[in-house]
$ cat my_file.cif   # mmCIF, C-alpha atoms
data_model
#
loop_
_atom_site.label_atom_id
_atom_site.label_comp_id
_atom_site.auth_asym_id
_atom_site.auth_seq_id
_atom_site.Cartn_x
_atom_site.Cartn_y
_atom_site.Cartn_z
CA MET U 9 104.17 79.74 99.93
CA ARG U 10 102.31 80.21 96.64
CA ILE U 11 101.57 83.92 96.27
CA LEU U 12 99.27 85.42 93.65
CA THR U 13 99.94 89.10 92.95
CA VAL U 14 97.41 91.30 91.15
CA ALA U 15 98.15 94.09 88.66
CA GLU U 16 96.53 96.23 85.97
CA ASP U 17 98.49 96.72 82.74
CA LEU U 18 102.13 95.72 82.94
CA ASP U 19 103.56 99.11 81.98
CA ALA U 20 106.03 101.08 84.09
CA HIS U 21 103.85 104.16 84.60
CA GLY U 22 105.66 105.17 87.79
CA GLY U 23 107.14 104.01 91.06
CA LEU U 24 104.21 101.79 92.06
CA GLU U 25 104.61 99.41 89.13
CA ARG U 26 108.36 99.15 89.65
CA ALA U 27 107.91 98.68 93.41
CA GLN U 28 105.42 95.83 92.92
CA LEU U 29 107.75 94.05 90.52
CA GLN U 30 110.70 94.49 92.87
CA ALA U 31 108.72 93.27 95.89
CA CYS U 32 107.68 90.11 94.06
CA ARG U 33 111.23 89.60 92.83
CA GLU U 34 112.45 89.71 96.44
CA LEU U 35 109.76 87.27 97.57
CA ARG U 36 110.70 84.91 94.75
CA ALA U 37 114.35 85.11 95.84
CA ARG U 38 113.25 83.97 99.31
CA GLY U 39 111.62 80.80 98.02
CA HIS U 40 108.02 81.84 97.41
CA ARG U 41 106.25 80.78 94.19
CA ILE U 42 104.74 83.77 92.39
CA ASP U 43 101.70 83.85 90.08
CA LEU U 44 100.34 86.95 88.36
CA LEU U 45 96.85 88.22 87.52
CA TYR U 46 96.82 91.18 85.11
CA THR U 47 94.56 93.07 82.69
CA GLN U 48 96.86 94.29 79.89
CA PRO U 49 100.41 93.50 78.71
CA GLY U 50 103.08 96.19 78.74
CA ASP U 51 106.78 96.95 78.75
CA LEU U 52 107.38 95.02 81.99
CA VAL U 53 106.10 91.68 80.64
CA SER U 54 109.59 90.25 80.09
CA ASP U 55 110.60 91.22 83.65
CA TRP U 56 107.53 89.53 85.08
CA ASP U 57 108.12 86.42 83.00
CA LEU U 58 111.43 85.92 84.80
CA ILE U 59 109.78 85.54 88.21
CA VAL U 60 106.23 84.18 87.76
CA GLU U 61 105.22 80.57 87.26
CA ARG U 62 101.68 81.24 86.00
CA LYS U 63 100.28 84.39 84.40
CA VAL U 64 96.54 84.86 83.81
CA ARG U 65 94.95 87.77 81.99
CA VAL U 66 91.54 89.00 83.18
CA ARG U 67 89.20 91.83 82.17
CA GLY U 68 89.06 93.70 85.49
CA TYR U 69 88.51 93.62 89.22
CA ARG U 70 85.67 96.05 89.94
CA LEU U 71 82.33 97.24 88.58
CA SER U 72 82.01 100.28 86.34
CA PRO U 73 78.70 102.21 86.32
CA ASP U 74 79.17 102.79 82.58
CA SER U 75 79.00 99.07 81.77
CA PRO U 76 77.81 97.22 84.89
CA PHE U 77 76.96 93.95 83.15
CA ALA U 78 80.22 93.54 81.24
CA THR U 79 82.41 94.63 84.14
CA GLY U 80 80.35 92.55 86.56
CA MET U 81 81.04 89.47 84.46
CA GLY U 82 84.70 90.47 84.46
CA VAL U 83 84.76 90.62 88.26
CA ILE U 84 83.16 87.18 88.50
CA ALA U 85 85.66 85.78 85.99
CA ALA U 86 88.58 87.28 87.92
CA ALA U 87 87.30 85.78 91.19
CA GLU U 88 87.01 82.38 89.48
CA ALA U 89 90.56 82.71 88.13
CA VAL U 90 91.80 83.30 91.67
CA ARG U 91 89.97 80.21 92.91
CA GLN U 92 91.43 78.14 90.08
CA LEU U 93 94.97 79.32 90.83
CA ALA U 94 94.37 78.46 94.52
CA PRO U 95 97.12 80.62 96.07
CA ASP U 96 98.03 80.49 99.73
CA LEU U 97 97.90 84.28 99.73
CA VAL U 98 96.70 87.00 97.36
CA TYR U 99 99.17 89.89 97.41
CA LEU U 100 97.38 93.07 96.29
CA HIS U 101 99.01 96.37 95.43
CA SER U 102 95.87 98.43 94.92
CA PRO U 103 92.76 98.78 97.10
CA TYR U 104 90.74 99.03 93.88
CA HIS U 105 91.45 95.39 93.02
CA THR U 106 89.79 94.07 96.19
CA PRO U 107 86.16 93.52 94.99
CA ALA U 108 87.08 90.53 92.79
CA ILE U 109 89.46 89.14 95.40
CA ALA U 110 86.80 89.40 98.12
CA LEU U 111 84.46 87.30 95.97
CA SER U 112 87.17 84.63 95.64
CA ARG U 113 87.26 84.28 99.44
CA ARG U 114 91.03 83.79 99.45
CA LEU U 115 93.34 85.11 102.15
CA SER U 116 94.69 88.50 101.07
CA VAL U 117 97.06 91.27 102.11
CA CYS U 118 97.15 94.71 100.50
CA HIS U 119 100.40 96.63 99.98
CA LEU U 120 99.53 100.34 100.15
CA HIS U 121 101.70 102.53 97.92
CA LEU U 122 99.35 105.52 97.58
CA PRO U 123 97.23 107.62 99.95
CA PRO U 124 93.46 106.98 99.88
CA VAL U 125 91.28 108.89 97.49
CA GLU U 126 87.59 108.34 96.86
CA LEU U 127 86.47 104.86 97.88
CA GLY U 128 83.20 103.46 96.57
CA ARG U 129 80.92 101.00 98.29
CA GLN U 130 82.42 98.08 96.37
CA ASP U 131 85.95 99.14 97.42
CA ARG U 132 84.98 99.26 101.08
CA PHE U 133 83.32 95.85 100.70
CA GLY U 134 86.50 94.45 99.20
CA LEU U 135 88.80 96.05 101.76
CA ARG U 136 86.86 94.53 104.66
CA SER U 137 88.08 91.10 103.52
CA VAL U 138 91.77 92.10 103.55
CA ARG U 139 93.56 90.35 106.40
CA ALA U 140 96.30 92.96 106.86
CA PHE U 141 97.92 95.97 105.21
CA ILE U 142 101.53 96.70 104.35
CA ALA U 143 102.24 100.44 104.01
CA VAL U 144 105.30 102.05 102.46
CA SER U 145 105.44 104.77 105.12
CA ARG U 146 104.01 105.73 108.49
CA SER U 147 102.08 108.61 106.95
CA THR U 148 100.48 106.27 104.39
CA ALA U 149 99.50 103.79 107.11
CA GLU U 150 97.91 106.56 109.17
CA PHE U 151 95.98 107.93 106.18
CA TRP U 152 94.49 104.50 105.51
CA ARG U 153 93.92 103.54 109.14
CA THR U 154 91.83 106.68 109.60
CA GLN U 155 89.95 106.17 106.34
CA LEU U 156 89.13 102.52 107.01
CA LYS U 157 88.76 102.79 110.79
CA ARG U 158 90.99 99.74 111.25
CA ASP U 159 93.09 98.85 114.24
CA PRO U 160 96.70 100.13 114.13
CA ASP U 161 97.91 96.53 114.52
CA ASP U 162 96.39 95.72 111.12
CA PHE U 163 99.22 97.72 109.53
CA VAL U 164 102.90 97.04 109.14
CA ILE U 165 105.46 99.45 107.67
CA VAL U 166 107.71 98.12 104.92
CA PRO U 167 109.45 101.00 103.12
CA ASN U 168 110.56 100.65 99.53
CA GLY U 169 114.11 99.57 98.85
CA VAL U 170 116.69 100.38 96.19
CA ASP U 171 119.46 98.47 94.44
CA VAL U 172 122.60 100.15 95.78
CA ASP U 173 124.75 98.43 93.17
CA ARG U 174 122.73 99.86 90.29
CA PHE U 175 122.32 103.30 91.84
CA ARG U 176 125.77 104.42 92.93
CA PRO U 177 127.92 107.59 92.85
CA SER U 178 129.51 108.68 89.57
CA ASP U 179 132.68 110.65 88.95
CA ASP U 180 133.16 113.75 86.82
CA THR U 181 134.26 111.79 83.75
CA ASP U 182 131.16 109.58 83.91
CA ARG U 183 128.86 112.58 84.32
CA ARG U 184 130.31 114.40 81.35
CA SER U 185 130.10 111.29 79.17
CA LEU U 186 126.51 110.54 80.20
CA ARG U 187 125.39 114.12 79.55
CA ALA U 188 126.95 114.14 76.12
CA SER U 189 125.27 110.83 75.24
CA MET U 190 121.86 112.26 76.21
CA GLY U 191 122.35 115.58 74.47
CA LEU U 192 122.50 117.52 77.74
CA PRO U 193 124.79 120.50 78.40
CA VAL U 194 128.05 119.34 79.93
CA GLU U 195 129.10 122.51 81.73
CA ARG U 196 125.86 123.77 83.31
CA PHE U 197 124.51 122.86 86.74
CA LEU U 198 122.14 120.05 85.75
CA VAL U 199 118.84 119.76 87.61
CA VAL U 200 116.84 116.57 86.93
CA TYR U 201 113.16 115.76 87.34
CA ALA U 202 112.21 112.11 86.74
CA GLY U 203 108.64 111.00 87.22
CA ARG U 204 105.10 111.32 85.97
CA ILE U 205 104.25 114.56 84.16
CA VAL U 206 101.13 115.33 86.18
CA PRO U 207 100.00 118.30 88.32
CA ASP U 208 100.40 116.41 91.62
CA LYS U 209 104.13 115.97 91.04
CA GLY U 210 104.71 119.72 90.62
CA VAL U 211 106.66 119.68 87.37
CA ASP U 212 105.41 123.20 86.71
CA CYS U 213 106.81 124.29 90.06
CA ALA U 214 110.26 123.07 88.97
CA LEU U 215 109.91 125.01 85.72
CA ASP U 216 108.83 128.14 87.60
CA ALA U 217 111.89 127.77 89.85
CA MET U 218 114.16 127.57 86.81
CA ARG U 219 112.84 130.94 85.64
CA LEU U 220 114.29 132.44 88.82
CA LEU U 221 117.80 131.12 88.14
CA PRO U 222 120.44 132.35 85.64
CA THR U 223 119.68 130.65 82.32
CA GLU U 224 123.35 130.49 81.36
CA GLU U 225 124.24 128.53 84.52
CA TYR U 226 121.36 126.07 85.10
CA HIS U 227 119.62 123.48 82.95
CA LEU U 228 116.61 121.26 83.71
CA ALA U 229 116.25 117.73 82.30
CA ILE U 230 112.72 116.30 82.52
CA ALA U 231 112.17 112.57 82.14
CA GLY U 232 108.75 110.95 82.18
CA THR U 233 105.36 110.98 80.54
CA SER U 234 101.80 111.89 81.46
CA ASN U 235 99.56 108.93 82.29
CA ALA U 236 95.85 108.83 81.56
CA ALA U 237 94.96 107.56 85.06
CA SER U 238 95.88 110.96 86.50
CA PHE U 239 93.45 112.65 84.09
CA GLY U 240 90.31 110.62 84.63
CA GLY U 241 91.45 107.96 82.17
CA SER U 242 91.73 110.44 79.29
CA VAL U 243 94.79 109.92 77.10
CA ALA U 244 93.98 113.14 75.26
CA ALA U 245 93.94 115.17 78.48
CA ALA U 246 97.22 113.61 79.62
CA ASN U 247 98.93 114.44 76.33
CA ALA U 248 97.47 117.94 76.32
CA TYR U 249 98.88 118.65 79.78
CA GLY U 250 102.41 117.75 78.69
CA SER U 251 102.09 119.81 75.51
CA GLU U 252 100.74 122.78 77.44
CA LEU U 253 103.72 122.72 79.81
CA ARG U 254 106.20 122.65 76.92
CA SER U 255 104.45 125.63 75.34
CA ARG U 256 104.07 127.66 78.52
CA TYR U 257 107.69 127.17 79.57
CA SER U 258 109.34 127.36 76.16
CA ASP U 259 111.61 130.11 77.55
CA VAL U 260 113.06 127.82 80.25
CA PRO U 261 116.39 126.05 79.54
CA ALA U 262 114.99 122.52 79.67
CA SER U 263 115.33 119.19 77.85
CA TRP U 264 112.19 117.03 77.62
CA LEU U 265 113.51 113.48 77.47
CA GLY U 266 110.26 111.51 77.55
CA HIS U 267 110.22 107.99 78.97
CA ILE U 268 113.63 106.63 80.02
CA ASP U 269 114.01 102.91 80.70
CA ASP U 270 117.06 103.26 82.95
CA VAL U 271 116.75 106.31 85.17
CA SER U 272 119.98 105.40 86.98
CA GLN U 273 122.06 106.93 84.17
CA LEU U 274 120.14 110.19 84.23
CA ILE U 275 120.56 110.48 88.00
CA ALA U 276 124.26 109.70 87.62
CA ALA U 277 124.51 112.61 85.17
CA ALA U 278 122.75 115.06 87.50
CA ASP U 279 124.09 117.65 89.92
CA VAL U 280 120.79 117.62 91.83
CA VAL U 281 117.36 116.01 91.49
CA VAL U 282 114.08 117.75 92.31
CA LEU U 283 110.74 116.35 93.45
CA PRO U 284 108.35 119.30 94.07
CA SER U 285 105.29 117.17 94.89
CA ARG U 286 102.03 118.85 95.84
CA TRP U 287 100.33 115.72 97.13
CA PRO U 288 101.36 113.60 100.14
CA ASP U 289 103.83 111.50 98.15
CA PRO U 290 103.87 108.22 100.10
CA PHE U 291 107.45 106.97 99.61
CA PRO U 292 108.81 107.84 96.16
CA LEU U 293 111.51 105.60 94.76
CA ILE U 294 113.25 108.56 93.13
CA VAL U 295 114.26 109.84 96.58
CA LEU U 296 115.95 106.55 97.47
CA GLU U 297 117.52 106.18 94.02
CA THR U 298 118.95 109.71 94.10
CA LEU U 299 120.40 109.44 97.59
CA ALA U 300 121.89 106.02 96.78
CA SER U 301 123.57 107.67 93.78
CA GLY U 302 125.33 110.14 96.06
CA THR U 303 123.33 113.04 94.62
CA PRO U 304 121.32 115.59 96.63
CA ILE U 305 117.57 115.75 96.10
CA VAL U 306 115.46 118.82 96.83
CA ALA U 307 111.93 117.67 97.61
CA SER U 308 108.68 118.89 99.08
CA ALA U 309 108.20 118.33 102.81
CA VAL U 310 105.17 116.07 102.34
CA GLY U 311 104.06 112.49 102.99
CA GLY U 312 106.71 109.82 103.43
CA ILE U 313 109.47 112.00 101.97
CA VAL U 314 110.08 113.54 105.40
CA GLU U 315 110.52 110.04 106.86
CA VAL U 316 113.59 109.48 104.68
CA MET U 317 115.07 112.97 104.55
CA THR U 318 115.82 113.39 108.23
CA GLY U 319 118.74 114.95 110.10
CA ALA U 320 121.09 116.87 107.81
CA LEU U 321 119.16 115.67 104.73
CA ALA U 322 116.14 117.68 105.91
CA ALA U 323 117.91 120.89 104.85
CA ASN U 324 116.87 120.02 101.29
CA LEU U 325 113.16 119.88 102.12
CA VAL U 326 111.11 122.81 100.83
CA PRO U 327 107.43 123.78 101.17
CA PRO U 328 105.20 122.42 98.40
CA ASP U 329 104.12 124.82 95.65
CA ASP U 330 106.89 127.31 96.47
CA PRO U 331 109.07 127.91 93.37
CA ARG U 332 111.04 130.64 95.12
CA ALA U 333 112.07 128.34 98.00
CA LEU U 334 112.97 125.63 95.48
CA ALA U 335 115.06 128.06 93.43
CA GLU U 336 116.90 129.32 96.50
CA ARG U 337 117.74 125.81 97.58
CA LEU U 338 119.05 124.97 94.11
CA ARG U 339 121.12 128.14 94.16
CA SER U 340 122.65 127.13 97.50
CA LEU U 341 123.64 123.72 96.11
CA ARG U 342 125.54 125.01 93.09
CA GLY U 343 129.13 123.85 93.45
CA TRP U 344 128.32 121.47 96.31
CA ARG U 345 130.80 118.84 95.11
CA SER U 346 133.74 121.15 95.79
CA ARG U 347 132.31 123.00 98.81
CA THR U 348 130.47 120.22 100.72
CA PRO U 349 131.26 116.87 99.08
CA GLN U 350 130.00 115.06 102.19
CA LEU U 351 126.43 115.73 101.03
CA GLY U 352 126.65 112.84 98.58
CA LEU U 353 128.18 110.46 101.09
CA LEU U 354 125.54 111.36 103.67
CA GLY U 355 122.67 110.31 101.41
CA ARG U 356 124.45 107.16 100.28
CA LYS U 357 125.05 106.03 103.88
CA ARG U 358 121.41 106.69 104.76
CA ILE U 359 120.24 104.33 102.01
CA GLU U 360 122.82 101.65 102.74
CA SER U 361 121.80 101.69 106.40
CA ASP U 362 118.03 101.34 106.03
CA TYR U 363 116.75 101.13 102.47
CA GLY U 364 118.67 98.47 100.58
CA LEU U 365 116.76 95.78 98.70
CA ALA U 366 117.84 93.04 101.10
CA GLU U 367 116.45 94.97 104.07
CA MET U 368 113.18 95.61 102.25
CA GLY U 369 112.91 91.99 101.14
CA ASN U 370 113.51 90.68 104.66
CA ARG U 371 110.87 92.99 106.15
CA LEU U 372 108.38 92.05 103.46
CA ASN U 373 109.08 88.34 103.81
CA GLU U 374 108.51 88.55 107.55
CA ALA U 375 105.21 90.41 107.07
CA ILE U 376 103.98 87.90 104.46
CA ALA U 377 104.96 84.97 106.68
CA GLN U 378 103.07 86.46 109.63
CA VAL U 379 99.91 86.86 107.58
CA GLY U 380 100.18 83.34 106.19
CA ALA U 381 100.67 81.90 109.66
CA ARG U 382 97.42 83.46 110.86
CA ARG U 383 95.04 81.87 108.38
CA GLY U 384 91.58 81.78 109.86
CA GLY U 385 92.57 84.05 112.73
CA PRO U 386 91.84 87.72 113.36
CA PRO U 387 93.31 90.37 111.07
CA LEU U 388 96.45 91.07 113.04
CA LEU U 389 100.06 91.96 112.31
CA PRO U 390 102.50 92.88 115.07
CA ARG U 391 104.15 96.24 114.52
CA MET U 392 107.55 95.93 112.91
CA ARG U 393 110.64 98.08 113.24
CA SER U 394 110.63 101.13 111.04
CA PRO U 395 113.90 102.51 109.63
CA SER U 396 115.91 104.49 112.12
CA VAL U 397 115.66 108.27 112.20
CA ALA U 398 119.02 109.90 111.59
#
$ encode --input "my_file.cif" --output "structure tokens"
Amino acid sequence: MRILTVAEDLDAHGGLERAQLQACRELRARGHRIDLLYTQPGDLVSDWDLIVERKVRVRGYRLSPDSPFATGMGVIAAAEAVRQLAPDLVYLHSPYHTPAIALSRRLSVCHLHLPPVELGRQDRFGLRSVRAFIAVSRSTAEFWRTQLKRDPDDFVIVPNGVDVDRFRPSDDTDRRSLRASMGLPVERFLVVYAGRIVPDKGVDCALDAMRLLPTEEYHLAIAGTSNAASFGGSVAAANAYGSELRSRYSDVPASWLGHIDDVSQLIAAADVVVLPSRWPDPFPLIVLETLASGTPIVASAVGGIVEVMTGALAANLVPPDDPRALAERLRSLRGWRSRTPQLGLLGRKRIESDYGLAEMGNRLNEAIAQVGARRGGPPLLPRMRSPSVA
């Protein structure tokens, strides 16, 4: 099948961009031919070039009230580009790309990575043309089903997957070497946050929790950058937020590492990873990557996180926006490798069982094949098996 996937700029802002690339890589490995529509180049261009046959740059996919004529012409041009590429299926990863695709009148499926926010009239118009939806978690599917008033059978659950060869447990020698290479303290209990530096992700909550722990025993490493999309498109506001955090928490023992290309090494260096999200995080890759690395993760009990961290792993779930609960959980994990080394093995087995890349690719391939087989029929996807609950 020839599949056209649609993206904005080709930068790795967060998990969504990496998940889209990985999904298309898995589809390519299963014999599909991949084309790409995009608006701006970025640091993932070379990765995309390895898997796409044709790459077409367009101006945009939806109207902006600030420049309706120019953006309207952009939408028309994008729709024409889709018609010229003539894919068997348009594989969307954002509901806000649907207006242009609806005008192209090509069969489309939308992979939902984020919960719904404000949808305009043009978005609802575009989404009505989508044949079926793939959601990364049950909670995400339910959010969207309620918002769009679609039948439950229009949704299929395909959780993200992780490369268990790249993300794997490290030993003490590796951890010490990695910390030294990154300028991180070798002897302290190292807590890692890796993700976007935005209010929704609760970075400030992690910093508040660190204030409640002995400074001579704990250290926080923060990897990531602020992105303008989380601040109404303002680069200045995004940068100001990161600067304000550094200033406000200058007393906290923390290393601000900025953007890191290979987060696997930082996770391998960690004693524990934190994800204190405030919003209903749909299915964050960092949870899978951390567990695959044999490292505990302390995360907010929100969104799709609770669908992964079940059974004994649920002990590391904390309420959102609760620095004290986060600090207490971190305190309880100090020395876990000597006291309860099975914690690492437990997470690793959970990922190997249900969230490997091969499993994700097979589920996705089945979903795509089902949509393609129903061309001209009703928008329908049979429910598929979700990962088991431990």
$ closest_residue --input "my_file.cif" --among "U:Ile268, U:Val166, U:Val199, U:Tyr249" --to "U:Val306" --atoms "all atoms listed in the file"
U:Val199
$ resolve_selection --input "my_file.cif" --expression "the PyMOL selection byres ((chain U and resi 58-71) around 8)" --output "mmCIF file with C-alpha atoms, in the coordinates of the input"
data_model
loop_
_atom_site.group_PDB
_atom_site.id
_atom_site.type_symbol
_atom_site.label_atom_id
_atom_site.label_comp_id
_atom_site.auth_asym_id
_atom_site.auth_seq_id
_atom_site.Cartn_x
_atom_site.Cartn_y
_atom_site.Cartn_z
ATOM 1 C CA GLU U 16 96.530 96.230 85.970
ATOM 2 C CA CYS U 32 107.680 90.110 94.060
ATOM 3 C CA ARG U 33 111.230 89.600 92.830
ATOM 4 C CA ARG U 36 110.700 84.910 94.750
ATOM 5 C CA ARG U 41 106.250 80.780 94.190
ATOM 6 C CA ILE U 42 104.740 83.770 92.390
ATOM 7 C CA ASP U 43 101.700 83.850 90.080
ATOM 8 C CA LEU U 44 100.340 86.950 88.360
ATOM 9 C CA LEU U 45 96.850 88.220 87.520
ATOM 10 C CA TYR U 46 96.820 91.180 85.110
ATOM 11 C CA THR U 47 94.560 93.070 82.690
ATOM 12 C CA GLN U 48 96.860 94.290 79.890
ATOM 13 C CA SER U 54 109.590 90.250 80.090
ATOM 14 C CA ASP U 55 110.600 91.220 83.650
ATOM 15 C CA TRP U 56 107.530 89.530 85.080
ATOM 16 C CA ASP U 57 108.120 86.420 83.000
ATOM 17 C CA SER U 72 82.010 100.280 86.340
ATOM 18 C CA PRO U 73 78.700 102.210 86.320
ATOM 19 C CA SER U 75 79.000 99.070 81.770
ATOM 20 C CA PRO U 76 77.810 97.220 84.890
ATOM 21 C CA THR U 79 82.410 94.630 84.140
ATOM 22 C CA GLY U 80 80.350 92.550 86.560
ATOM 23 C CA GLY U 82 84.700 90.470 84.460
ATOM 24 C CA VAL U 83 84.760 90.620 88.260
ATOM 25 C CA ALA U 85 85.660 85.780 85.990
ATOM 26 C CA ALA U 86 88.580 87.280 87.920
ATOM 27 C CA ALA U 89 90.560 82.710 88.130
ATOM 28 C CA TYR U 104 90.740 99.030 93.880
ATOM 29 C CA HIS U 105 91.450 95.390 93.020
ATOM 30 C CA THR U 106 89.790 94.070 96.190
ATOM 31 C CA PRO U 107 86.160 93.520 94.990
ATOM 32 C CA ALA U 108 87.080 90.530 92.790
ATOM 33 C CA ILE U 109 89.460 89.140 95.400
ATOM 34 C CA GLN U 130 82.420 98.080 96.370
#
$ resolve_selection --input "my_file.cif" --expression "the PyMOL selection byres ((chain U and resi 282-286) around 8)" --output "JSON, numbers by chain"
{"U": [199, 200, 201, 207, 208, 209, 210, 211, 213, 214, 280, 281, 287, 288, 289, 305, 306, 307, 308, 310, 328, 329, 334]}
$ closest_residue --input "my_file.cif" --among "U:Gln155, U:Ser102, U:Ser112, U:Ser301" --to "U:Glu88" --atoms "only C-alpha atoms"
U:Ser112
$ atom_distance --input "my_file.cif" --atom1 "atom CA of U:Ala245" --atom2 "atom CA of U:Gly232"
15.8 Å
$ closest_residue --input "my_file.cif" --among "U:Arg256, U:Arg146, U:Arg26, U:Arg187" --to "U:Ile275" --atoms "all atoms listed in the file"
U:Arg187
$ resolve_selection --input "my_file.cif" --expression "the PyMOL selection byres ((chain U and resi 156) around 10)" --output "ChimeraX atom specification"
/U:124,127,132,135-136,150-155,157-159
$ closest_residue --input "my_file.cif" --among "U:Val90, U:Met81, U:Ala140, U:Val316" --to "U:Ile294" --atoms "only C-alpha atoms"
U:Val316
$ residues_around --input "my_file.cif" --residues "stretch 177-183 of chain U" --least-positions-apart "5" --cutoff "7 Å" --atoms "all atoms listed in the file" --output "list in words"
Ala276, Ala277, Ser301 and Gly302 of chain U
$ residues_near_point --input "my_file.cif" --point "(109.6, 101.4, 81.8)" --cutoff "10 Å" --atoms "all atoms listed in the file" --output "MDAnalysis selection string"
chainID U and resid 18:23 25:26 50:52 232 267:271
$ closest_residue --input "my_file.cif" --among "U:Arg176, U:Phe197, U:Gly203, U:Ala335" --to "U:Gly355" --atoms "only C-alpha atoms"
U:Arg176
$ atom_distance --input "my_file.cif" --atom1 "atom CA of U:Leu111" --atom2 "atom CA of U:Ala15"
16.9 Å
$ atom_distance --input "my_file.cif" --atom1 "atom CA of U:Leu192" --atom2 "atom CA of U:Ala323"
27.7 Å
$ residues_around --input "my_file.cif" --residues "U:Ile230" --least-positions-apart "3" --cutoff "8 Å" --atoms "only C-alpha atoms" --output "CSV table (one decimal) with C-alpha atoms, in the frame of the given file"
chain,number,residue,atom,x,y,z
U,200,VAL,CA,116.8,116.6,86.9
U,201,TYR,CA,113.2,115.8,87.3
U,202,ALA,CA,112.2,112.1,86.7
U,262,ALA,CA,115.0,122.5,79.7
U,263,SER,CA,115.3,119.2,77.8
U,264,TRP,CA,112.2,117.0,77.6
U,265,LEU,CA,113.5,113.5,77.5
U,266,GLY,CA,110.3,111.5,77.6
$ residues_around --input "my_file.cif" --residues "U:Gly343" --least-positions-apart "2" --cutoff "12 Å" --atoms "all atoms listed in the file" --output "ChimeraX atom specification"
/U:195-198,225-226,279-280,304,338-341,345-349,351
$ residues_around --input "my_file.cif" --residues "U:Thr223" --least-positions-apart "3" --cutoff "8 Å" --atoms "only C-alpha atoms" --output "list in words"
Met218, Arg219, Tyr226, His227, Val260 and Pro261 of chain U
$ residues_around --input "my_file.cif" --residues "stretch 356-358 of chain U" --least-positions-apart "4" --cutoff "10 Å" --atoms "all atoms listed in the file" --output "NGL selection string"
:U and (172 or 175-177 or 296-304 or 316-318 or 321 or 350-352 or 362-364 or 395-398)
$ closest_residue --input "my_file.cif" --among "U:Leu221, U:Leu97, U:Ala188, U:Val326" --to "U:Gln273" --atoms "only C-alpha atoms"
U:Ala188
